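Reproduced below: work03.txt, with compact mmCIF, C-alpha atoms and all ligand atoms.
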# COMPACT_ATOMS: atom_id res chain seq x y z
CA MET A 27 -20.86 9.11 24.22
CA LYS A 28 -18.37 6.47 23.21
CA ARG A 29 -21.22 4.06 22.63
CA ILE A 30 -22.95 6.47 20.28
CA ALA A 31 -19.75 6.97 18.35
CA LEU A 32 -19.29 3.23 18.09
CA ALA A 33 -22.88 2.74 16.95
CA LEU A 34 -22.46 5.41 14.27
CA PHE A 35 -19.23 3.83 13.14
CA CYS A 36 -20.93 0.46 12.75
CA LEU A 37 -23.86 1.97 10.84
CA CYS A 38 -21.50 3.73 8.44
CA SER A 39 -19.37 0.71 7.74
CA PHE A 40 -22.46 -1.40 7.04
CA SER A 41 -23.92 1.07 4.59
CA TYR A 42 -21.59 -0.34 1.94
CA ALA A 43 -22.81 -3.77 0.98
CA VAL A 44 -19.42 -4.86 -0.32
CA ASP A 45 -15.83 -3.90 0.37
CA TYR A 46 -14.25 -1.73 -2.25
CA ASP A 47 -11.92 -3.60 -4.59
CA GLU A 48 -9.99 -0.96 -6.52
CA LEU A 49 -8.67 -3.30 -9.19
CA GLN A 50 -12.11 -4.70 -9.92
CA GLY A 51 -13.57 -1.18 -9.98
CA LYS A 52 -10.95 -0.06 -12.46
CA MET A 53 -11.41 -3.12 -14.67
CA LEU A 54 -15.17 -2.61 -14.76
CA SER A 55 -14.71 1.08 -15.52
CA LEU A 56 -12.97 0.17 -18.78
CA SER A 57 -16.32 -0.91 -20.18
CA CYS A 58 -17.60 2.64 -19.65
CA ALA A 59 -14.59 4.40 -21.19
CA SER A 60 -15.65 3.82 -24.81
CA CYS A 61 -18.63 6.14 -24.31
CA HIS A 62 -17.82 8.22 -21.24
CA GLY A 63 -14.11 8.79 -21.95
CA THR A 64 -11.04 7.54 -20.07
CA ASP A 65 -11.82 7.56 -16.34
CA GLY A 66 -15.26 8.96 -17.11
CA LYS A 67 -13.99 12.29 -18.47
CA SER A 68 -16.13 12.63 -21.53
CA VAL A 69 -14.93 14.22 -24.75
CA ALA A 70 -18.16 13.48 -26.60
CA VAL A 71 -21.89 14.10 -26.07
CA THR A 72 -22.08 11.56 -23.28
CA PRO A 73 -22.07 13.01 -19.76
CA THR A 74 -18.84 13.17 -17.73
CA ILE A 75 -19.24 10.70 -14.88
CA ALA A 76 -15.87 11.19 -13.14
CA GLY A 77 -16.21 12.42 -9.59
CA MET A 78 -19.93 11.68 -9.31
CA GLY A 79 -20.84 10.66 -5.76
CA LYS A 80 -20.76 6.93 -5.17
CA SER A 81 -24.31 6.55 -3.89
CA THR A 82 -25.68 8.95 -6.52
CA MET A 83 -24.14 6.95 -9.34
CA TYR A 84 -25.13 3.63 -7.84
CA SER A 85 -28.76 4.67 -7.51
CA ILE A 86 -28.82 6.02 -11.09
CA LEU A 87 -27.36 2.75 -12.39
CA MET A 88 -29.90 0.73 -10.41
CA GLN A 89 -32.71 2.89 -11.82
CA TYR A 90 -31.48 2.11 -15.33
CA LYS A 91 -31.33 -1.56 -14.43
CA ASN A 92 -34.82 -1.81 -13.01
CA GLY A 93 -36.37 0.35 -15.73
CA GLN A 94 -37.23 3.40 -13.59
CA ARG A 95 -34.87 5.55 -15.64
CA LYS A 96 -34.71 5.43 -19.42
CA GLY A 97 -31.92 6.39 -21.77
CA THR A 98 -30.61 5.52 -25.21
CA MET A 99 -27.82 3.21 -24.06
CA MET A 100 -27.49 2.89 -20.34
CA GLN A 101 -30.38 0.59 -19.50
CA LYS A 102 -28.98 -1.92 -21.99
CA HIS A 103 -25.43 -1.62 -20.75
CA VAL A 104 -26.09 -2.05 -17.02
CA LYS A 105 -27.96 -5.33 -17.56
CA GLY A 106 -24.61 -7.07 -18.01
CA PHE A 107 -23.49 -6.25 -14.47
CA THR A 108 -24.41 -7.61 -11.05
CA ASP A 109 -25.56 -5.12 -8.42
CA ALA A 110 -22.25 -5.60 -6.59
CA GLU A 111 -20.29 -4.81 -9.77
CA LEU A 112 -22.30 -1.63 -10.30
CA GLU A 113 -21.45 -0.67 -6.74
CA GLN A 114 -17.74 -1.29 -7.33
CA VAL A 115 -17.69 0.76 -10.51
CA SER A 116 -19.59 3.61 -8.80
CA TYR A 117 -17.01 3.56 -6.06
CA TYR A 118 -14.22 3.75 -8.60
CA PHE A 119 -15.64 6.78 -10.44
CA SER A 120 -16.38 8.59 -7.18
CA LYS A 121 -12.66 8.54 -6.45
CA VAL A 122 -11.60 9.96 -9.82
CA LYS A 123 -10.94 13.71 -9.86
CA ARG A 124 -12.75 15.58 -12.61
C1 LIG B 1 -22.57 2.52 -25.31
C2 LIG B 1 -22.22 3.75 -24.64
C3 LIG B 1 -22.21 3.79 -23.12
C4 LIG B 1 -21.52 2.95 -22.28
C5 LIG B 1 -20.65 1.76 -22.64
C6 LIG B 1 -21.77 3.45 -20.94
N1 LIG B 1 -22.57 4.55 -20.97
FE1 LIG B 1 -23.29 5.61 -19.35
N2 LIG B 1 -24.35 6.81 -20.59
C7 LIG B 1 -24.37 6.71 -21.99
C8 LIG B 1 -25.31 7.68 -22.50
C9 LIG B 1 -25.60 7.92 -23.99
C10 LIG B 1 -25.87 8.35 -21.40
C11 LIG B 1 -26.97 9.42 -21.40
C12 LIG B 1 -28.27 8.74 -21.08
C13 LIG B 1 -28.70 7.80 -22.19
O1 LIG B 1 -29.05 8.28 -23.27
O2 LIG B 1 -28.67 6.57 -21.98
C14 LIG B 1 -25.24 7.77 -20.21
C15 LIG B 1 -25.52 8.17 -18.91
C16 LIG B 1 -24.87 7.68 -17.79
C17 LIG B 1 -25.09 8.14 -16.44
C18 LIG B 1 -26.03 9.25 -16.01
C19 LIG B 1 -25.27 10.55 -16.05
C20 LIG B 1 -26.12 11.72 -15.64
O3 LIG B 1 -25.52 12.77 -15.37
O4 LIG B 1 -27.35 11.59 -15.61
C21 LIG B 1 -24.26 7.43 -15.62
C22 LIG B 1 -24.11 7.56 -14.10
C23 LIG B 1 -23.54 6.50 -16.46
N3 LIG B 1 -23.92 6.68 -17.77
C24 LIG B 1 -22.62 5.62 -15.99
C25 LIG B 1 -22.01 4.63 -16.78
C26 LIG B 1 -21.15 3.60 -16.26
C27 LIG B 1 -20.73 3.47 -14.81
C28 LIG B 1 -20.78 2.82 -17.32
C29 LIG B 1 -19.93 1.56 -17.29
C30 LIG B 1 -20.38 0.50 -16.39
C31 LIG B 1 -21.42 3.37 -18.51
N4 LIG B 1 -22.15 4.46 -18.13
C32 LIG B 1 -21.27 2.87 -19.78
C33 LIG B 1 -23.63 5.85 -22.76
C34 LIG B 1 -22.86 4.80 -22.29
Starting from the file, give its structure as structure tokens.
Amino acid sequence: MKRIALALFCLCSFSYAVDYDELQGKMLSLSCASCHGTDGKSVAVTPTIAGMGKSTMYSILMQYKNGQRKGTMMQKHVKGFTDAELEQVSYYFSKVKR
């Protein structure tokens, strides 16, 4: 039983490719604030992104990046970020309360 728990623990900790760096996540999130509002709480037509699940947001951002998902702005914006940066920023927004 202990072994199974340990194995699960290892699997979970490896599912994040990078460690979360809160300061970097917050810095990167500033580039989203002009459209999505401070901390992703939108006051305009853009969707609120605060509190979106980390893996949900990361996969949406990757879809914009690789052209699977189209939008007016997002696929252009995400091109300026590395995959690891998109992961950090997704992590940041997932921790913001709506
Ligand atoms: C220039 C304005 C602009 C900036 C900057 C911007 N976004 Fe967006 N975002 C949009 C718009 C507009 C949409 C709606 C889809 C579209 O038309 O591209 C969107 C959609 C999204 C969605 C999908 C939301 C949903 O519910 O489907 C996510 C996630 C997202 N943005 C995250 C981010 C993140 C993270 C950043 C910063 C790294 C960011 N955006 C920066 C304009 C912007």
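With distances taken over all atoms listed in the file, A:Gly63 is the one residue among A:Gly51, A:Gly97, A:Gly106, A:Gly63 lying closest to Ala76 (chain A).
For the residues A:Ser55, A:Asn92, A:Gln101, A:Thr82, ranking by smallest atom-to-atom distance to Lys67 (chain A) using all atoms listed in the file places A:Ser55 first.
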Practice prompt. Please write as a list in words the list of polymer residues whose atoms come within 12 Å of (-23.8, 8.1, -27.3), counting only C-alpha atoms and keeping to the coordinates of the file.
Written response: Cys58, Ala59, Ser60, Cys61, His62, Gly63, Ser68, Val69, Ala70, Val71, Thr72, Pro73, Thr74, Gly97, Thr98, Met99, Met100 and His103 of chain A
Worksheet item: Which polymer residues have any atom within 12 Å of an atom of Thr108 (chain A), counting all atoms listed in the file, with same-chain residues fewer than 2 positions away left out, as a PyMOL selection string?
Response: chain A and resi 54+84+87-88+91+103-106+110-115
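For the residues A:Lys96, A:Arg29, A:Gln89, A:Gln50, ranking by smallest atom-to-atom distance to ligand LIG 1 (chain B) using only C-alpha atoms and all ligand atoms places A:Lys96 first.
The spacing separating atom FE1 of ligand LIG 1 (chain B) from CA of Thr64 (chain A) amounts to 12.4 Å.
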All file atoms of region 63-80 of chain A boxed axis-aligned, 4 Å per side, centre plus edges, as JSON:
{"center_x": -16.6, "center_y": 10.6, "center_z": -15.9, "size_x": 19.0, "size_y": 15.3, "size_z": 29.4}
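Coordinates place atom C6 of ligand LIG 1 (chain B) at a distance of 17.5 Å from CA of Ser81 (chain A).
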